[in-house]
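Peer 1: Pasting in a structure now, in structure tokens, and then I'll have a few things to ask.
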Amino acid sequence: MNLATLTGRVRLARGEGPWAWLAAGSVALSLLLLGGLLTLIAVRGLGHFWPASMSLVELDDGQVLAGRAVRELPLPESGGPSGGRERLYFTGNRDLHGHVWRWVEVGRIVASDRPRELVVMERLQHGDFIGRLVEVRPAGQVAALSVDDGDGVWATLQARLTAVEVLRGERDDLVHSVIQPLVRRLENDPDDRAAQRRLVEADERIRGLQETMRADVVVLESVDGRRLALSLDEVLRAWRPNAMSLPEKVGAWSRGVWRFLSEGPRAANTAGGVWP
């Protein structure tokens, strides 16, 4: 007579029983929740890099704004979905308006359009600019009086921005590969004449690059008529989302994701990428 018969208990075979199934189910549920969380983060986060269309909106009091519609909600006093609604727009232009978001009552909108000439410009300061491109001119030259929506000015801007990007990359390489090592070298040996001479030469080269980057100015105009002149070294990139085809938007989205993963942060970690 075995022990199970004496004690009146039946021993389950090893590896069976409810606890193994409970543990496996818990792991599966955890993986599903993790996958759902990652999917939510990816959908919400990666959508930020999509060059969404920009709307030109006219209100019943004559005000005009340009921006990207973000969400739409019922008004708090409307009492339900059948009442009034309000729409949130990202309008940019922090330096002109003091804010970048604006709620608009949908019932006050009398006209809405998506003109192809609307420009979105990412800047080093004050965030995005949304408006129209007037001209690209050498610094110090008198600005034109009328808005030019032609593709010629846009092509000129893109060519100048590409050239500035090359100069910016050369400047950053000098800072990281030449300036910083020389500074550390001089901290250890302040009397190193060769390092001092090379540091002066590198500093002069950087000043020359900066002057070249500031040689051109882009003139912009907000949809309410206010003009803004920016040196091209303050502009990172520009695009016209309403004039872009689907393949162009996909390409812009891919480049935006890559920049986010490969570039370092800037503006106190409020802009730029995540690369350390």
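Starting from 1 in every chain, residues are counted up; chains themselves are A, B, ... following the order of the structure tokens, and ligands are numbered from 1 as listed.
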Mind the document's chain letters and residue numbers, and return as a PyMOL selection string the residues of range 100-262 of chain A that DSSP labels helix (DSSP H, G or I).
Peer 2: chain A and resi 106-108+151-188+193-213+232-234+241-243+246-262
Peer 1: If we count only C-alpha atoms and set the cut-off at 8 Å, which residues sit around Asp233 in chain A, ignoring sequence neighbours fewer than 5 positions away in its own chain? Please answer as a list in words.
Peer 2: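 Everything that qualifies: Val164, Gln210, Met213 and Arg214 of chain A.
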Peer 1: Please save C-alpha atoms of the selected residues as a compact mmCIF listing (two decimals), in the first residue's frame.
Peer 2:
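New file selection-v4.txt:
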```txt
# COMPACT_ATOMS: atom_id res chain seq x y z
CA VAL A 164 22.89 75.99 -44.62
CA GLN A 210 28.27 81.43 -39.03
CA MET A 213 24.89 80.91 -42.74
CA ARG A 214 23.56 84.39 -41.90
```
Peer 1: I need the residues of range 100-187 of chain A that end up classed as strand (DSSP E or B) by DSSP on the backbone, written out as a ChimeraX atom specification.
Peer 2: /A:101-105,109-113,118-123,128-138
Peer 1: List as a list in words the protein and nucleic acid residues near Gly98 in chain A, meaning an atom at most 12 Å away when only C-alpha atoms are counted, but skip any in the same chain fewer than 6 places from it.
Peer 2: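 Residues meeting the cut-off are Thr91, Gly92, His126 and Gly127 of chain A.
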Peer 1: Write a file of the just-selected residues containing N, CA and C atoms, as a CSV table (one decimal), in the first residue's frame.
Peer 2:
```csv
chain,number,residue,atom,x,y,z
A,91,THR,N,-1.6,76.5,-34.0
A,91,THR,CA,-1.4,77.7,-34.8
A,91,THR,C,0.0,78.1,-34.9
A,92,GLY,N,0.9,77.6,-34.0
A,92,GLY,CA,2.3,78.0,-34.0
A,92,GLY,C,2.5,79.5,-33.7
A,126,HIS,N,11.3,79.7,-30.7
A,126,HIS,CA,9.9,80.1,-30.8
A,126,HIS,C,9.0,79.0,-31.5
A,127,GLY,N,9.6,77.8,-31.7
A,127,GLY,CA,8.8,76.8,-32.3
A,127,GLY,C,8.5,77.0,-33.8
```
Peer 1: Please identify all polymer residues within 12 Å of range 149-161 of chain A, counting only C-alpha atoms, omitting same-chain residues fewer than 5 positions from it, and present them as a ChimeraX atom specification.
Peer 2: /A:115-119,121-123,131-138,166-168,212-221,231-240,243
Peer 1: How would the residues just picked look written out with N, CA and C atoms as a compact mmCIF listing (two decimals), in the first residue's frame?
Peer 2:
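To be explicit, this is the file written out as out_23.txt:
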```
# COMPACT_ATOMS: atom_id res chain seq x y z
N PRO A 115 -5.06 76.19 -48.63
CA PRO A 115 -4.25 76.69 -49.75
C PRO A 115 -2.88 76.04 -49.77
N ARG A 116 -2.40 75.75 -50.95
CA ARG A 116 -1.14 75.02 -51.10
C ARG A 116 0.06 75.86 -50.71
N GLU A 117 -0.08 77.20 -50.67
CA GLU A 117 1.08 78.04 -50.38
C GLU A 117 1.39 78.18 -48.90
N LEU A 118 0.54 77.65 -48.02
CA LEU A 118 0.83 77.75 -46.59
C LEU A 118 2.12 76.98 -46.26
N VAL A 119 2.98 77.64 -45.51
CA VAL A 119 4.30 77.10 -45.18
C VAL A 119 4.37 76.82 -43.69
N MET A 121 7.34 76.11 -40.91
CA MET A 121 8.79 76.26 -40.80
C MET A 121 9.23 75.94 -39.38
N GLU A 122 10.11 74.96 -39.25
CA GLU A 122 10.67 74.61 -37.94
C GLU A 122 11.87 75.51 -37.66
N ARG A 123 11.83 76.18 -36.51
CA ARG A 123 12.86 77.15 -36.17
C ARG A 123 13.60 76.72 -34.90
N GLY A 131 2.48 80.16 -41.98
CA GLY A 131 2.06 81.35 -42.72
C GLY A 131 2.45 81.23 -44.18
N ARG A 132 2.87 82.34 -44.75
CA ARG A 132 3.22 82.39 -46.17
C ARG A 132 4.67 82.81 -46.34
N LEU A 133 5.26 82.32 -47.42
CA LEU A 133 6.62 82.70 -47.79
C LEU A 133 6.56 83.92 -48.70
N VAL A 134 7.31 84.96 -48.34
CA VAL A 134 7.34 86.18 -49.15
C VAL A 134 8.52 86.16 -50.10
N GLU A 135 9.72 86.02 -49.55
CA GLU A 135 10.91 86.02 -50.40
C GLU A 135 12.12 85.54 -49.62
N VAL A 136 13.16 85.22 -50.36
CA VAL A 136 14.48 84.94 -49.81
C VAL A 136 15.42 85.96 -50.42
N ARG A 137 16.15 86.69 -49.57
CA ARG A 137 16.99 87.77 -50.07
C ARG A 137 18.28 87.83 -49.26
N PRO A 138 19.31 88.46 -49.83
CA PRO A 138 20.54 88.66 -49.05
C PRO A 138 20.28 89.57 -47.85
N VAL A 166 24.36 71.92 -44.65
CA VAL A 166 25.73 71.42 -44.83
C VAL A 166 26.70 72.22 -43.97
N LEU A 167 26.55 73.54 -43.97
CA LEU A 167 27.43 74.39 -43.15
C LEU A 167 27.21 74.13 -41.67
N ARG A 168 25.96 73.92 -41.27
CA ARG A 168 25.68 73.63 -39.87
C ARG A 168 26.32 72.31 -39.43
N THR A 212 28.52 82.99 -43.07
CA THR A 212 27.97 82.48 -44.33
C THR A 212 26.53 82.01 -44.14
N MET A 213 26.25 81.38 -43.02
CA MET A 213 24.89 80.91 -42.74
C MET A 213 23.92 82.07 -42.57
N ARG A 214 24.42 83.21 -42.11
CA ARG A 214 23.56 84.39 -41.90
C ARG A 214 23.51 85.29 -43.12
N ALA A 215 24.07 84.86 -44.23
CA ALA A 215 24.15 85.73 -45.41
C ALA A 215 22.79 85.97 -46.05
N ASP A 216 21.84 85.06 -45.84
CA ASP A 216 20.52 85.18 -46.47
C ASP A 216 19.44 85.28 -45.40
N VAL A 217 18.36 85.94 -45.78
CA VAL A 217 17.22 86.16 -44.90
C VAL A 217 15.96 85.68 -45.61
N VAL A 218 15.09 85.00 -44.88
CA VAL A 218 13.79 84.62 -45.42
C VAL A 218 12.74 85.53 -44.80
N VAL A 219 11.88 86.07 -45.64
CA VAL A 219 10.80 86.96 -45.19
C VAL A 219 9.50 86.18 -45.22
N LEU A 220 8.82 86.17 -44.08
CA LEU A 220 7.58 85.41 -43.92
C LEU A 220 6.45 86.36 -43.57
N GLU A 221 5.23 85.88 -43.79
CA GLU A 221 4.05 86.68 -43.45
C GLU A 221 2.99 85.76 -42.84
N SER A 231 16.95 85.11 -40.24
CA SER A 231 18.18 84.62 -40.84
C SER A 231 18.05 83.12 -41.06
N LEU A 232 18.60 82.63 -42.16
CA LEU A 232 18.42 81.22 -42.48
C LEU A 232 19.11 80.29 -41.49
N ASP A 233 20.06 80.80 -40.71
CA ASP A 233 20.67 79.93 -39.71
C ASP A 233 19.73 79.66 -38.54
N GLU A 234 18.60 80.39 -38.46
CA GLU A 234 17.60 80.14 -37.42
C GLU A 234 16.54 79.13 -37.87
N VAL A 235 16.60 78.72 -39.14
CA VAL A 235 15.58 77.83 -39.70
C VAL A 235 16.19 76.44 -39.88
N LEU A 236 15.49 75.44 -39.41
CA LEU A 236 15.95 74.07 -39.58
C LEU A 236 15.41 73.43 -40.85
N ARG A 237 14.12 73.58 -41.08
CA ARG A 237 13.52 73.00 -42.28
C ARG A 237 12.16 73.66 -42.51
N ALA A 238 11.66 73.52 -43.74
CA ALA A 238 10.38 74.10 -44.10
C ALA A 238 9.66 73.15 -45.05
N TRP A 239 8.33 73.13 -44.97
CA TRP A 239 7.56 72.29 -45.87
C TRP A 239 6.19 72.93 -46.11
N ARG A 240 5.58 72.55 -47.22
CA ARG A 240 4.23 73.00 -47.57
C ARG A 240 3.31 71.78 -47.58
N ALA A 243 0.64 71.09 -50.28
CA ALA A 243 1.11 70.88 -51.65
C ALA A 243 1.85 69.56 -51.81
```
Peer 1: Could you name the residues that touch Val250 in chain A at 10 Å or less, counting only C-alpha atoms, but leaving out those on the same chain fewer than 5 positions away, as a list in words?
Peer 2: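 The contact residues come out as Phe49, Trp50, Pro51, Met244, Ser245, Arg255 and Gly256 of chain A.
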Peer 1: I need the chosen residues saved as a compact mmCIF listing (two decimals), in the first residue's frame, with C-alpha atoms.
Peer 2:
```txt
# COMPACT_ATOMS: atom_id res chain seq x y z
CA PHE A 49 5.93 63.41 -37.42
CA TRP A 50 3.25 63.26 -40.12
CA PRO A 51 3.08 66.52 -42.15
CA MET A 244 2.72 67.54 -50.78
CA SER A 245 1.72 64.25 -52.39
CA ARG A 255 12.98 61.58 -42.15
CA GLY A 256 11.28 63.07 -39.12
```
Peer 1: What gap, in Å, lies between CA of Gly225 in chain A and CA of Val70 in chain A?
Peer 2: 24.0 Å
Peer 1: With only C-alpha atoms as the basis for distance, which of A:Ser112, A:Gln180, A:Thr39, A:Gln196 is at the shortest distance from Ala66 in chain A?
Peer 2: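 Smallest separation from Ala66 in chain A among the options: A:Ser112.
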Peer 1: So how many Å separate CA of Ala195 in chain A and CA of Ile179 in chain A, to one decimal?
Peer 2: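 Answer for the CA of Ala195 in chain A to CA of Ile179 in chain A separation: 9.7 Å.
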Peer 1: Neighbouring residues of range 99-107 of chain A were defined as those with any atom within 10 Å, considering only C-alpha atoms; residues of the same chain fewer than 4 positions away were excluded. Please report them as a ChimeraX atom specification.
Peer 2: /A:57,59-60,65,67-75,84-95,126-129
